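Report on one structure; see the data block that follows.
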Amino acid sequence: MRVLVVDTALDLCSAGVFDVDGGEARVLGLRSEAMAKGHQERLAGMVRDAVAEAGGFGGVDRIGVTVGPGSFTGLRVGLAFAQGLGAALDRPVVGLSTLDGLAASAGGDGAVAALIDARRGQVYARFWRDGAAQGPAEALSLEAARDRVAAWGSGARLIGSGAALIADGAPDAAVMDLPGPTPEALARLTAAADPAASPPRPVYLRAPDATPPTRLPGQPRPPAP
């Protein structure tokens, strides 16, 4: 299966075309840059170049896009682009969990914790053992995440921007401080996904920091009590 993946959820901007066969993802065209902001300016050009390197859109069977957890603005950029492209090409678009992508980037068996720095003393987390998820994605305090990893004992792998934040709870754990999932891992997940069960909708694990305004522009302020 030939897939196009788009990732703007975290501190990477990635666009790649892959041929996925038997769990192996062979890169046909790829552009990926580390960036905390500016995805909206770079994404279209990166997709154009990756697709041109792969020989065009003609052979693309499916589009995969990261849906979170991650940056509110970044998620919207990737989702809007992927859905618009899917509609134009008449190709299915599947949503990919950022945490699942990180875990798939770690590879191998054993205990894996995918961890994203969520600020405010929290991480977004999901835990796996031997490739099987040990529950849903969660927003956890750093203390709770440390306790969860410490209970595993030795041999755990921690991956993602939140890995270093809880590494002191498991001093013998392998720490992989990736800024985001690898495009190859996302390509494998895209090919394996069920489009009906993987809608391209954003995933948020806590309420947004921003709050709606209490008055419309031009309205007078309410009188002080």
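Ordering of the structure tokens sets the chain letters (A, B, ...), residue numbers begin anew at 1 in every chain, and ligands are numbered from 1 in the order given.
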Compile a residue-level contact table for segment 120-163 of chain A against segment 181-189 of chain A at a cut-off of 12 Å, reporting for every qualifying residue the shortest atom pair and its distance in Å to one decimal, with only C-alpha atoms counted, rows ordered by chain and ascending number, as JSON lines.
{"residue": "A:Ile159", "atom": "CA", "partner": "A:Pro181", "partner_atom": "CA", "distance": 9.3}
{"residue": "A:Gly160", "atom": "CA", "partner": "A:Pro181", "partner_atom": "CA", "distance": 8.0}
{"residue": "A:Ser161", "atom": "CA", "partner": "A:Pro181", "partner_atom": "CA", "distance": 10.4}
| request: Taking the DSSP assignment computed from this structure's backbone, write out as number ranges by chain all residues of segment 14-209 of chain A that belong to helix (DSSP H, G or I). | output: A: 39-54, 72-89, 98-106, 142-150, 163-169, 183-192, 195-197
Residues of segment 40-150 of chain A that have any atom at most 6 Å from an atom of segment 9-24 of chain A: could you tabulate them with the shortest-distance atom pair and the distance in Å to one decimal, using only C-alpha atoms, ordered by chain and increasing number, as a Markdown table?
| residue | atom | partner | partner_atom | distance |
| --- | --- | --- | --- | --- |
| A:Val47 | CA | A:Ala15 | CA | 5.3 |
| A:Ala50 | CA | A:Gly16 | CA | 5.7 |
| A:Gly70 | CA | A:Ala9 | CA | 4.9 |
| A:Ser71 | CA | A:Ala9 | CA | 5.6 |
| A:Gly74 | CA | A:Ala9 | CA | 5.1 |
| A:Leu75 | CA | A:Ala9 | CA | 4.9 |
| Pairwise distance for atom CA of Asp177 of chain A and atom CA of Val112 of chain A, rounded to one decimal in Å |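 Here the two named atoms are 13.0 Å from each other.
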| note | Using only C-alpha atoms, the shortest atom-to-atom distance to Ala197 of chain A among A:Leu85, A:Ala139, A:Val94, A:Val67 belongs to A:Val94
| Closest of A:Ile166, A:Leu102, A:Ile116, A:Leu79 to Pro202 of chain A - atom-to-atom distances counting only C-alpha atoms | A:Leu79
